[in-house]
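Everything on this sheet refers to the single structure shown next.
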Amino acid sequence: MLNNVLGIINVIENEQTLGELTEQRSLAAVPMGGRYRVIDFPLSNMVNAGIKSIGIFTHYKMGSLVSHLKNGREWNLDTKRRGLFFLSPDFSKYLFSPNKWDVSHFTTRLGYIKTSTRNYVLITGCNIICNIDYQKVGKFHQEKGAQITAVYKEILPEEKEKYSPYLSFRISEESRIREVNSTPPPSGKDNMCVEMFFLSRQLLLELIDTCVKQNKWDLVRDGLLGNLRDIKVYGYHFPGYLAKINSLSNYYRHHMDLLQPKVWRELFFAAGPIYTKAKDSVPTKYLADASVQNSLVANDCIIGGKVENSIIFRGVKIGKGAHIKNSIILEKGIIDNYSRVDYALLDKEVRVTKGKEVSGTDDAPVVIRKQNII
Amino acid sequence: MLNNVLGIINVIENEQTLGELTEQRSLAAVPMGGRYRVIDFPLSNMVNAGIKSIGIFTHYKMGSLVSHLKNGREWNLDTKRRGLFFLSPDFSKYLFSPNKWDVSHFTTRLGYIKTSTRNYVLITGCNIICNIDYQKVGKFHQEKGAQITAVYKEILPEEKEKYSPYLSFRISEESRIREVNSTPPPSGKDNMCVEMFFLSRQLLLELIDTCVKQNKWDLVRDGLLGNLRDIKVYGYHFPGYLAKINSLSNYYRHHMDLLQPKVWRELFFAAGPIYTKAKDSVPTKYLADASVQNSLVANDCIIGGKVENSIIFRGVKIGKGAHIKNSIILEKGIIDNYSRVDYALLDKEVRVTKGKEVSGTDDAPVVIRKQNII
Amino acid sequence: MKKEWIALVMAGGQGTRLGFLTQTLAKPAVSFGGKYRIIDFTLSNCSHSGIDTVGVLTQYQPLVLNSYIGNGWHWDLHHSGGGVTVLPPYVKMQGGEWYRGTANAVYQNLEFVDIYNPDYVLILSGDHVYKMDYSLMLDFHKMKKASATVAVIQVPWAEADSFGIMECDPEGKIREFEEKPLKPKSNLASMGVYLFNRTFLEEYLERDNQDSSSQHDFGKNVIPAMVRARESIYAYPFHGYWKDVGTIENYWQANMDLLGPEPLLNLNDPEWPIYSENPNQPPLYLGPSAKVTNSLINEGCVIYGEVDHSVLFPAVTVGAGAVIKNSILMPQVQVEPGTRIENAIVDENGIIYVRKEGERIKGYA
Amino acid sequence: MKKEWIALVMAGGQGTRLGFLTQTLAKPAVSFGGKYRIIDFTLSNCSHSGIDTVGVLTQYQPLVLNSYIGNGWHWDLHHSGGGVTVLPPYVKMQGGEWYRGTANAVYQNLEFVDIYNPDYVLILSGDHVYKMDYSLMLDFHKMKKASATVAVIQVPWAEADSFGIMECDPEGKIREFEEKPLKPKSNLASMGVYLFNRTFLEEYLERDNQDSSSQHDFGKNVIPAMVRARESIYAYPFHGYWKDVGTIENYWQANMDLLGPEPLLNLNDPEWPIYSENPNQPPLYLGPSAKVTNSLINEGCVIYGEVDHSVLFPAVTVGAGAVIKNSILMPQVQVEPGTRIENAIVDENGIIYVRKEGERIKGYA
């Protein structure tokens, strides 16, 4: 177990990417997979590997995140020593950089890193959804004698677009990272950096210090991956299913992936369970005319109509004769009798009134804002 | 018990007033009384009156506040329904008003007030330290048939200066507030508004709405106390001990007040206990040469020297031959052997090295910044 | 630590009539309704009624129940100065003895009651399924200036002989209390919910303890003795769903009562949620060939087959072509493709109890 | 829910030699050191040693102990899939019986052990005061490929006759184990800390259960039987402070061992804090005439008098002119002005036990 590791989850993600969904919440708090939020995945992965000390680097709109995670109870992080910490800078003083890996995000939280008693650090972003066994990463790090281990994913030529922008690795046979590019090679497979870095806490502090002294500002490009010759940076390949939540269409597509039982099983069970805030939910009730196929349904719903190829979050009510297809209905949506929803993404508490129709296309699913009534 | 009341603690206090002490923390998180923080007093008063639903209106520097209160466990607010909520606006969008009672602080959190199922609201600021029985305020409100009850404190002519600025009430014989002034009357006693208001949730929503429509911006002056003729606003007199933390000299003076057993007993026990974050502290150890008089000492200290008229916070170590007088030593201070501290306020983790002297005067106690070494 | 009232929940019974369900479990710990355990109803009622101090008296197979109750977190009963306390029999200076009946169990825990110095003591049963606001009963009790109040519900006359039956005067004062009478004089049945003035209760328990002919049971001995002595005992009429799930038939029926658009027992009540442990399972997956109707199904299930008029606990798998009807599938049950299960209760170990309309239940492994 | 190891803590003893301190309390629940309860040491040791599953076996006056242990929050032992479970005796399908000795208590709870399917079982006592990293003992046990390992400490030869004494070969394998020998052959005493391979333990407990001549005690019966059978039982030497606080004299001495700049038992150890309930009391107030030396004093006290070489629990009041020396004042004790208390233990009810150097303790109310 990685109990000698300090986990850092940097949730300073670009907030524009998910459009309407991130208007009132940070990316980390975006609902995901029927009953989760984005943060649950990176956080559960750390907890499942035995990491007991985790700092969340927050920025704006942290309200929904704090009330989701609270004291970390559901992640077994409500402990007397270590546990979960929210680290927000002083916004009244601080010029906030929109760059996720700006060194200033780290210098303003340096005290937390310095006073930790853990020997290692695992730093991740927040927009990669997967179920990864970080114990294997730690083992790989030891076996390779690496100073830094960066996790990457081999992607197919046709996947490059959906994951862009990303850092591309050129990796030697013995897994050492030789080159980093911000433009992917024009043809062939590629190695995508997934922004998960494992290194000693000491080295992280040194790299931050060096960046500051040399007036460099990107911790990943200039710090962690800035000196591949002198610092032994190894690439650990994650072979599993992985989604990058960097656009509404990826968000939609990823949810449709979950309808493959193989993906469902892997994402929710592979290296350990994904934890989320517990709610006192009632098992979902299916009425006499319900007909649900190839769909995911969370608890607390009442299903009276027809549902196909869709993800139904908690607390959704679907009336008799209503027909939902190829859609994602977030928490507490109400779909009245005889209404139709196709290729749509309904934010929380949207209501589609009796007989109305909401439909988009596969390429451009329609998005309905929180609490709207159609 | 006031379980039908929504509590709102507005911690948007002026951050400059406590100088060095509020450089890195909000006023609400300033250490107080040996082992507490400022927020513990208003919060415990609400909890002791049976209020189970409490929203904290936060602003900048909320980090230390969140990690102090966490899920509200020590205040019995870690419940499945209701409980403690942090309400911060979206700093990326919002023009933050430094005025504590700016209506915008309420409009940006309107959803919280609207969705509450409680019938009443108790709104307070955060810089008044006292132990008040809010059940009595609720009873007074009912008995008077008040629409709004505002708590006030009768103060002596010589106290006006230390409490300024404040709103002054002219109050009728049957306790109705007839006039509000921002300049106190030139002579005689005065009735100071202590920024605690009890009213129905419905009326609060109406008052906010009216302010917005009339383009008025101060919820207290324009809203709660803006229409004394048509709205029945009553004044409830709080007769007990009360300190206003609005300057370093008041902060110092208030701590010296705590050395009166009567004040100590009233502030910590009158209407109920003051709760704070639990720590695994060891009882304080007094060594062979210890000599402590007229002082307050928290746990986790090791006292080897002489202490007089002082407040010693948790985790302070005082060496042999050291002599502390008329001082406040915040958490984890280290006072080495044979050093002297007089009329001083030492922030957290200050170290006074062997034989050194730190001294100020009664009027101007010296303040040493966090983690400084003298 | 003075409290106005506290509750004591009887959870020590062996529940032999629930057969395999209680072989390794106390009856109140038996799973129910696709998610809950039976005791959730009583403890949620306490929580919502404003009772913050609850003792749970256990002695039979309490391992699961004790660890489930924990510090009462699930029901918001975990706060300092109260909360839930599990009360097993124990050894005192003068030795230890097992609980010999509901009244004796309370008698042995009077020391616990004294800690909180309550004015009223509410005695509850941990194995009934209902939603009830006990604070209304307390109001009634105070209004009547009663020494004890017994909650009652009207039952069908034909079933009255299996309950404790009360006869009352027009004011609601109980004139007669008969446990399982051959010829019931009324159809007002005791729900096993008793509210006592504390000193009054202590007095009668002391007396009952010295009565060697007593079975030390509230329904059989203590309440009848109070009524016989013409004490001020009132019946508090309750209107709503209430079920003693002490037999397989009743247990099965109570589960089925949750189904349909307007179920007899409504769990989707935001004013009175039933608190429980919340298992961490991903959303239910329904495959391309799934058909699910008239059912209550929890998260974590994977369904390719057909489910009708059934209750499924978390993480159940139903293979393609399987048909589940009128059945209850406990957590983790795996139904192989093509299997047909009707009128049955299936537990984790694959034990199936088949229920036939109007007949006794027979079981096989 | 497979675990590598779990711990079982014996907390059922009556502790009669602690007199008034255990009249209404199990011994592990007795207050200690100005803040703690005795069991805090064992549970903190478990927590810091990385044991996340602990069963606490109780049967004597467990009310305070049970509610104190709660869900294990105080010791970070509250997490799902483990944590602390209180294990009282209970009724099974075939009836119930009280614990008849430490070994029988564990035997009756083998079902609990089975839930976690551990490789190793650590048996601990809830009434010893010490700081010990059990994970080092586990390393030793694995290295020796032992079937059982007994933690031992060197005691003064003069006291060896009051302990379980071991004789070992040069490898540390135990050749002989004698409980309270008249003529001790060594001064290596058992600390009551036993680590067993689980299947090995179960086998011997089964055998012990069938032996009608056995007192079903680990020290008296089970360990000697294993040693006699020449099983692979090793002694793990512990160096550090360890005290069985089972007598008033030892209890008093262990409290005094906390005093001074370099105490025998150091509580101010950031690497090994002793977890406990944290009472909510304001800082201690020392009046103008107070004089406090060589003492350990908790928050909430109000002191106008003189305190020397003493331990004061929270919320104690010492009036002006009162003198406290070599004493232990339990929570809430009020000492009137001018009173003199020396060599005493005073509890909340004003009961004072006076201790005299070298003499037996006598008590009066």
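Just remember, in the structure tokens the first chain shown is A, the second B, etc., residues are 1-based per chain, and ligands are 1-based in the order shown.
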
Could I get the residues of chain A with an atom no further than 10 Å from an atom of chain D, each paired with its nearest atom pair and that distance in Å to one decimal, using only C-alpha atoms, sorted by chain and residue number, as JSON lines?
{"residue": "A:Arg73", "atom": "CA", "partner": "D:His79", "partner_atom": "CA", "distance": 8.6}
{"residue": "A:Glu74", "atom": "CA", "partner": "D:Ser80", "partner_atom": "CA", "distance": 8.9}
{"residue": "A:Trp75", "atom": "CA", "partner": "D:His79", "partner_atom": "CA", "distance": 9.2}
{"residue": "A:Asn76", "atom": "CA", "partner": "D:His79", "partner_atom": "CA", "distance": 6.0}
{"residue": "A:Leu77", "atom": "CA", "partner": "D:His79", "partner_atom": "CA", "distance": 9.0}
{"residue": "A:Asp78", "atom": "CA", "partner": "D:Asp76", "partner_atom": "CA", "distance": 8.3}
{"residue": "A:Thr79", "atom": "CA", "partner": "D:Asp76", "partner_atom": "CA", "distance": 5.7}
{"residue": "A:Lys80", "atom": "CA", "partner": "D:Asp76", "partner_atom": "CA", "distance": 6.3}
{"residue": "A:Arg81", "atom": "CA", "partner": "D:Asp76", "partner_atom": "CA", "distance": 8.6}

Contact residues (chain D, partner chain C, 7 Å, only C-alpha atoms) as a PyMOL selection string: chain D and resi 59-61+67+70-71+85+88+90-92

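Take atom CA of Pro273 of chain B and atom CA of Lys52 of chain B: the distance between them is 16.0 Å.
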
Proximal residues of chain A relative to chain B (only C-alpha atoms; 10 Å) as a ChimeraX atom specification: /A:23-26,58-64,66-67,69-73,78,80-81,84-93,96,278-280

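The two atoms in question, atom CA of Ser190 of chain C and atom CA of Glu271 of chain C, are spaced 25.7 Å apart.
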
Residue list (strand (DSSP E or B), DSSP) for segment 136-221 of chain B, as a ChimeraX atom specification: /B:148-155,168-171,176-181,190-200,218

Can you tell me, as a CSV table (one decimal) with all heavy atoms, in the first residue's frame, what residues are no more than 9 Å from segment 41-46 of chain D when counting only C-alpha atoms, ignoring any on the same chain fewer than 5 positions away?
chain,number,residue,atom,x,y,z
D,7,ALA,N,-6.9,-7.8,15.9
D,7,ALA,CA,-6.6,-7.9,17.3
D,7,ALA,C,-7.8,-8.1,18.1
D,7,ALA,O,-8.9,-7.6,17.7
D,7,ALA,CB,-5.9,-6.6,17.7
D,9,VAL,N,-9.1,-7.6,22.0
D,9,VAL,CA,-8.7,-7.0,23.3
D,9,VAL,C,-9.6,-7.6,24.4
D,9,VAL,O,-10.8,-7.5,24.3
D,9,VAL,CB,-8.8,-5.5,23.2
D,9,VAL,CG1,-8.4,-4.9,24.5
D,9,VAL,CG2,-8.0,-4.9,22.1
D,36,TYR,N,-7.0,10.2,30.1
D,36,TYR,CA,-7.2,9.0,29.3
D,36,TYR,C,-8.1,8.0,30.0
D,36,TYR,O,-8.4,8.1,31.2
D,36,TYR,CB,-5.9,8.3,29.0
D,36,TYR,CG,-4.9,9.4,28.4
D,36,TYR,CD1,-4.1,10.2,29.2
D,36,TYR,CD2,-5.0,9.6,27.0
D,36,TYR,CE1,-3.3,11.1,28.6
D,36,TYR,CE2,-4.1,10.5,26.4
D,36,TYR,CZ,-3.3,11.3,27.2
D,36,TYR,OH,-2.6,12.3,26.7
D,51,ILE,N,-3.1,-1.9,12.6
D,51,ILE,CA,-4.2,-2.8,12.7
D,51,ILE,C,-5.5,-2.1,12.5
D,51,ILE,O,-5.8,-1.1,13.2
D,51,ILE,CB,-4.2,-3.5,14.1
D,51,ILE,CG1,-2.9,-4.2,14.3
D,51,ILE,CG2,-5.4,-4.5,14.2
D,51,ILE,CD1,-2.7,-4.8,15.6
D,52,ASP,N,-6.4,-2.5,11.6
D,52,ASP,CA,-7.6,-1.7,11.4
D,52,ASP,C,-8.8,-2.5,11.8
D,52,ASP,O,-9.9,-2.0,11.6
D,52,ASP,CB,-7.7,-1.2,9.9
D,52,ASP,CG,-7.9,-2.4,8.9
D,52,ASP,OD1,-7.9,-3.6,9.4
D,52,ASP,OD2,-7.9,-2.1,7.7
D,53,THR,N,-8.7,-3.6,12.4
D,53,THR,CA,-9.8,-4.4,12.8
D,53,THR,C,-9.6,-4.9,14.2
D,53,THR,O,-8.7,-5.7,14.4
D,53,THR,CB,-10.1,-5.6,11.9
D,53,THR,OG1,-10.2,-5.1,10.5
D,53,THR,CG2,-11.4,-6.3,12.2
D,54,VAL,N,-10.4,-4.5,15.2
D,54,VAL,CA,-10.2,-4.8,16.6
D,54,VAL,C,-11.5,-5.2,17.2
D,54,VAL,O,-12.5,-4.6,17.0
D,54,VAL,CB,-9.6,-3.6,17.3
D,54,VAL,CG1,-9.4,-3.9,18.8
D,54,VAL,CG2,-8.4,-3.1,16.7
D,72,GLY,N,-15.3,3.6,17.4
D,72,GLY,CA,-13.8,3.6,17.3
D,72,GLY,C,-13.2,4.9,16.8
D,72,GLY,O,-12.0,5.0,16.6
D,74,HIS,N,-12.4,7.7,18.2
D,74,HIS,CA,-11.3,8.3,19.0
D,74,HIS,C,-9.9,7.8,18.5
D,74,HIS,O,-8.9,8.4,18.7
D,74,HIS,CB,-11.5,8.0,20.5
D,74,HIS,CG,-12.7,8.6,21.0
D,74,HIS,ND1,-13.1,9.8,20.7
D,74,HIS,CD2,-13.6,8.1,21.9
D,74,HIS,CE1,-14.3,10.1,21.4
D,74,HIS,NE2,-14.6,9.0,22.1
D,75,TRP,N,-9.9,6.5,18.1
D,75,TRP,CA,-8.6,5.9,17.7
D,75,TRP,C,-8.4,5.7,16.2
D,75,TRP,O,-7.6,4.9,15.8
D,75,TRP,CB,-8.4,4.6,18.5
D,75,TRP,CG,-8.8,4.8,19.9
D,75,TRP,CD1,-7.9,5.2,20.9
D,75,TRP,CD2,-10.0,4.6,20.5
D,75,TRP,NE1,-8.6,5.3,22.1
D,75,TRP,CE2,-9.9,4.9,21.9
D,75,TRP,CE3,-11.3,4.1,20.1
D,75,TRP,CZ2,-11.0,4.8,22.8
D,75,TRP,CZ3,-12.4,4.1,21.0
D,75,TRP,CH2,-12.2,4.4,22.3
D,76,ASP,N,-9.2,6.5,15.4
D,76,ASP,CA,-9.1,6.3,14.0
D,76,ASP,C,-9.4,4.8,13.6
D,76,ASP,O,-8.9,4.3,12.6
D,76,ASP,CB,-7.8,6.7,13.4
D,76,ASP,CG,-7.8,8.1,12.9
D,76,ASP,OD1,-8.8,8.7,12.9
D,76,ASP,OD2,-6.7,8.6,12.5
D,77,LEU,N,-10.3,4.2,14.4
D,77,LEU,CA,-10.6,2.8,14.1
D,77,LEU,C,-12.1,2.7,13.7
D,77,LEU,O,-12.8,1.8,14.2
D,77,LEU,CB,-10.3,1.9,15.3
D,77,LEU,CG,-8.9,1.7,15.6
D,77,LEU,CD1,-8.7,1.1,17.0
D,77,LEU,CD2,-8.2,0.8,14.6
D,124,LEU,N,-4.7,-9.2,23.0
D,124,LEU,CA,-4.2,-8.1,23.9
D,124,LEU,C,-5.0,-8.0,25.2
D,124,LEU,O,-6.1,-8.5,25.2
D,124,LEU,CB,-4.2,-6.8,23.1
D,124,LEU,CG,-3.5,-6.7,21.8
D,124,LEU,CD1,-3.8,-5.5,21.0
D,124,LEU,CD2,-2.0,-6.8,22.1
D,125,SER,N,-4.5,-7.3,26.1
D,125,SER,CA,-5.2,-7.0,27.3
D,125,SER,C,-5.5,-5.5,27.3
D,125,SER,O,-4.8,-4.7,26.9
D,125,SER,CB,-4.3,-7.4,28.5
D,125,SER,OG,-4.9,-6.9,29.7
D,126,GLY,N,-6.8,-5.2,27.8
D,126,GLY,CA,-7.2,-3.8,27.8
D,126,GLY,C,-6.8,-3.0,29.0
D,126,GLY,O,-7.2,-1.9,29.1
D,127,ASP,N,-6.0,-3.6,29.9
D,127,ASP,CA,-5.7,-2.9,31.1
D,127,ASP,C,-4.2,-2.8,31.4
D,127,ASP,O,-3.8,-2.8,32.5
D,127,ASP,CB,-6.5,-3.5,32.3
D,127,ASP,CG,-6.4,-5.0,32.3
D,127,ASP,OD1,-5.5,-5.6,31.6
D,127,ASP,OD2,-7.2,-5.6,33.0
D,128,HIS,N,-3.5,-2.6,30.3
D,128,HIS,CA,-2.0,-2.4,30.5
D,128,HIS,C,-1.7,-1.0,29.9
D,128,HIS,O,-2.3,-0.6,28.9
D,128,HIS,CB,-1.2,-3.5,29.8
D,128,HIS,CG,-1.4,-4.8,30.4
D,128,HIS,ND1,-1.0,-6.0,29.8
D,128,HIS,CD2,-1.9,-5.2,31.6
D,128,HIS,CE1,-1.3,-7.0,30.6
D,128,HIS,NE2,-1.8,-6.6,31.7
D,129,VAL,N,-0.7,-0.4,30.5
D,129,VAL,CA,-0.3,0.9,30.1
D,129,VAL,C,1.1,0.9,29.5
D,129,VAL,O,2.1,0.5,30.2
D,129,VAL,CB,-0.3,1.9,31.3
D,129,VAL,CG1,0.4,3.2,31.0
D,129,VAL,CG2,-1.7,2.2,31.8
D,130,TYR,N,1.2,1.1,28.2
D,130,TYR,CA,2.4,1.0,27.5
D,130,TYR,C,2.3,1.5,26.0
D,130,TYR,O,1.1,1.6,25.5
D,130,TYR,CB,3.0,-0.5,27.4
D,130,TYR,CG,2.1,-1.5,26.7
D,130,TYR,CD1,2.6,-2.3,25.7
D,130,TYR,CD2,0.7,-1.6,27.1
D,130,TYR,CE1,1.7,-3.2,25.0
D,130,TYR,CE2,-0.1,-2.5,26.4
D,130,TYR,CZ,0.4,-3.3,25.4
D,130,TYR,OH,-0.4,-4.2,24.8
D,131,LYS,N,3.4,1.8,25.4
D,131,LYS,CA,3.4,2.2,24.0
D,131,LYS,C,4.2,1.1,23.2
D,131,LYS,O,5.4,0.9,23.5
D,131,LYS,CB,4.0,3.5,23.8
D,131,LYS,CG,3.2,4.6,24.5
D,131,LYS,CD,3.7,6.0,24.1
D,131,LYS,CE,5.1,6.3,24.5
D,131,LYS,NZ,5.6,7.7,24.1
D,132,MET,N,3.5,0.4,22.3
D,132,MET,CA,4.2,-0.7,21.6
D,132,MET,C,3.8,-0.8,20.2
D,132,MET,O,2.6,-0.7,19.9
D,132,MET,CB,3.9,-2.0,22.4
D,132,MET,CG,4.6,-3.2,21.7
D,132,MET,SD,4.3,-4.7,22.8
D,132,MET,CE,5.1,-6.0,21.8
D,133,ASP,N,4.8,-1.0,19.3
D,133,ASP,CA,4.5,-1.1,17.9
D,133,ASP,C,4.4,-2.6,17.6
D,133,ASP,O,5.4,-3.4,17.5
D,133,ASP,CB,5.6,-0.5,17.1
D,133,ASP,CG,5.3,-0.5,15.6
D,133,ASP,OD1,4.4,-1.3,15.2
D,133,ASP,OD2,6.0,0.2,14.8
D,134,TYR,N,3.1,-3.1,17.5
D,134,TYR,CA,2.9,-4.5,17.3
D,134,TYR,C,3.4,-5.0,16.0
D,134,TYR,O,3.6,-6.2,15.8
D,134,TYR,CB,1.4,-4.9,17.5
D,134,TYR,CG,0.8,-4.4,18.8
D,134,TYR,CD1,-0.4,-3.7,18.8
D,134,TYR,CD2,1.3,-4.8,20.0
D,134,TYR,CE1,-1.0,-3.2,20.0
D,134,TYR,CE2,0.7,-4.4,21.2
D,134,TYR,CZ,-0.4,-3.6,21.2
D,134,TYR,OH,-1.0,-3.2,22.3
D,135,SER,N,3.6,-4.1,15.0
D,135,SER,CA,4.0,-4.5,13.7
D,135,SER,C,5.4,-5.1,13.7
D,135,SER,O,5.8,-5.9,12.9
D,135,SER,CB,3.8,-3.4,12.7
D,135,SER,OG,4.8,-2.4,12.9
D,272,TRP,N,3.7,8.9,18.4
D,272,TRP,CA,2.9,7.9,19.0
D,272,TRP,C,1.9,8.5,20.0
D,272,TRP,O,2.0,8.2,21.2
D,272,TRP,CB,3.8,6.8,19.7
D,272,TRP,CG,3.2,5.5,19.7
D,272,TRP,CD1,2.4,5.0,20.7
D,272,TRP,CD2,3.3,4.4,18.8
D,272,TRP,NE1,2.0,3.7,20.4
D,272,TRP,CE2,2.6,3.3,19.2
D,272,TRP,CE3,4.0,4.3,17.5
D,272,TRP,CZ2,2.5,2.1,18.5
D,272,TRP,CZ3,3.9,3.1,16.8
D,272,TRP,CH2,3.1,2.0,17.3
D,273,PRO,N,1.1,9.4,19.5
D,273,PRO,CA,0.1,10.0,20.4
D,273,PRO,C,-0.8,9.0,21.0
D,273,PRO,O,-1.2,8.0,20.3
D,273,PRO,CB,-0.6,11.0,19.5
D,273,PRO,CG,-0.5,10.5,18.1
D,273,PRO,CD,0.9,9.8,18.1
D,274,ILE,N,-1.2,9.2,22.2
D,274,ILE,CA,-2.3,8.3,22.8
D,274,ILE,C,-3.6,9.0,22.5
D,274,ILE,O,-3.8,10.1,23.0
D,274,ILE,CB,-2.0,8.1,24.3
D,274,ILE,CG1,-0.7,7.5,24.6
D,274,ILE,CG2,-3.1,7.2,24.9
D,274,ILE,CD1,-0.4,6.2,23.8
D,275,TYR,N,-4.4,8.3,21.7
D,275,TYR,CA,-5.7,8.9,21.4
D,275,TYR,C,-6.7,8.7,22.5
D,275,TYR,O,-6.6,7.7,23.2
D,275,TYR,CB,-6.2,8.2,20.1
D,275,TYR,CG,-5.5,8.5,18.8
D,275,TYR,CD1,-5.4,7.5,17.9
D,275,TYR,CD2,-4.9,9.7,18.6
D,275,TYR,CE1,-4.7,7.8,16.7
D,275,TYR,CE2,-4.3,10.0,17.4
D,275,TYR,CZ,-4.2,9.1,16.4
D,275,TYR,OH,-3.5,9.3,15.3
D,276,SER,N,-7.6,9.5,22.6
D,276,SER,CA,-8.6,9.4,23.7
D,276,SER,C,-9.8,10.3,23.3
D,276,SER,O,-9.8,11.0,22.3
D,276,SER,CB,-8.0,9.9,25.0
D,276,SER,OG,-8.9,9.7,26.1

Contacts of Pro170 of chain D within 12 Å, only C-alpha atoms, excl. fewer than 5 positions in-chain, as a list in words: Arg175, Tyr234 and Ala235 of chain D

Exercise: segment 254-262 of chain C partners within 9 Å, only C-alpha atoms, chain neighbours under 2 positions left out, as a PyMOL selection string: (chain A and resi 285-288+302+304) or (chain C and resi 32-34+129+243-245+249-252+264-267+294-296+309-311+326-328)

Gly240 of chain B environment, 9 Å, only C-alpha atoms, sequence neighbours closer than 2 positions dropped, as number ranges by chain: B: 130-132, 153, 238, 242, 266-267

Go ahead and save the picked residues with N, CA, C and O atoms, as a compact mmCIF listing (two decimals), in the first residue's frame.
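again_4.txt written:
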# COMPACT_ATOMS: atom_id res chain seq x y z
N CYS B 130 -19.41 36.47 22.73
CA CYS B 130 -20.21 36.43 23.94
C CYS B 130 -20.85 35.06 24.05
O CYS B 130 -20.68 34.22 23.16
N ASN B 131 -21.56 34.82 25.14
CA ASN B 131 -22.28 33.56 25.33
C ASN B 131 -23.74 33.93 25.57
O ASN B 131 -24.14 34.25 26.67
N ILE B 132 -24.49 33.94 24.50
CA ILE B 132 -25.87 34.44 24.54
C ILE B 132 -26.85 33.30 24.37
O ILE B 132 -26.59 32.35 23.62
N LYS B 153 -26.83 46.04 23.02
CA LYS B 153 -26.15 46.03 24.31
C LYS B 153 -26.07 47.46 24.80
O LYS B 153 -25.64 48.35 24.05
N PHE B 238 -29.10 42.36 25.52
CA PHE B 238 -28.22 41.30 26.04
C PHE B 238 -27.41 41.89 27.19
O PHE B 238 -26.58 42.78 26.98
N LEU B 242 -19.53 40.97 26.82
CA LEU B 242 -19.47 40.99 25.36
C LEU B 242 -18.18 41.70 24.92
O LEU B 242 -17.82 42.72 25.50
N GLU B 266 -18.56 33.01 32.72
CA GLU B 266 -19.71 33.40 31.90
C GLU B 266 -19.47 33.09 30.42
O GLU B 266 -20.32 32.50 29.76
N LEU B 267 -18.33 33.44 29.94
CA LEU B 267 -18.08 33.28 28.51
C LEU B 267 -18.05 31.81 28.10
O LEU B 267 -18.48 31.44 27.02

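Residues lying within 7 Å of segment 181-184 of chain D, counting only C-alpha atoms and ignoring same-chain neighbours fewer than 5 positions away, are D:Ala160, D:Asp161, D:Ile165.
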
Let me see the file: selected residues, all heavy atoms, as a tab-separated table (two decimals), in the first residue's frame.
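So the final result, stored in selection-v3.tsv, reads:
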chain	number	residue	atom	x	y	z
D	160	ALA	N	9.24	-11.26	40.02
D	160	ALA	CA	8.97	-12.24	38.96
D	160	ALA	C	7.90	-13.24	39.35
D	160	ALA	O	7.21	-13.79	38.50
D	160	ALA	CB	10.27	-12.95	38.57
D	161	ASP	N	7.72	-13.46	40.65
D	161	ASP	CA	6.74	-14.47	41.07
D	161	ASP	C	5.30	-14.03	40.89
D	161	ASP	O	4.38	-14.78	41.15
D	161	ASP	CB	6.99	-14.91	42.53
D	161	ASP	CG	6.86	-13.73	43.48
D	161	ASP	OD1	6.67	-12.59	42.98
D	161	ASP	OD2	6.93	-13.95	44.69
D	165	ILE	N	6.13	-16.42	33.75
D	165	ILE	CA	7.58	-16.35	33.51
D	165	ILE	C	8.01	-17.39	32.47
D	165	ILE	O	7.56	-18.52	32.47
D	165	ILE	CB	8.34	-16.57	34.85
D	165	ILE	CG1	8.08	-15.38	35.78
D	165	ILE	CG2	9.83	-16.76	34.61
D	165	ILE	CD1	8.59	-14.04	35.30

DSSP-assigned helix (DSSP H, G or I) among segment 55-283 of chain B, expressed as a ChimeraX atom specification: /B:63-69,73-75,103-107,110-115,134-144,157-163,201-213,219-224,248-257,261-269

Atom pair atom CA of Lys306 of chain A / atom CA of Tyr338 of chain A: separation (Å): 9.8 Å
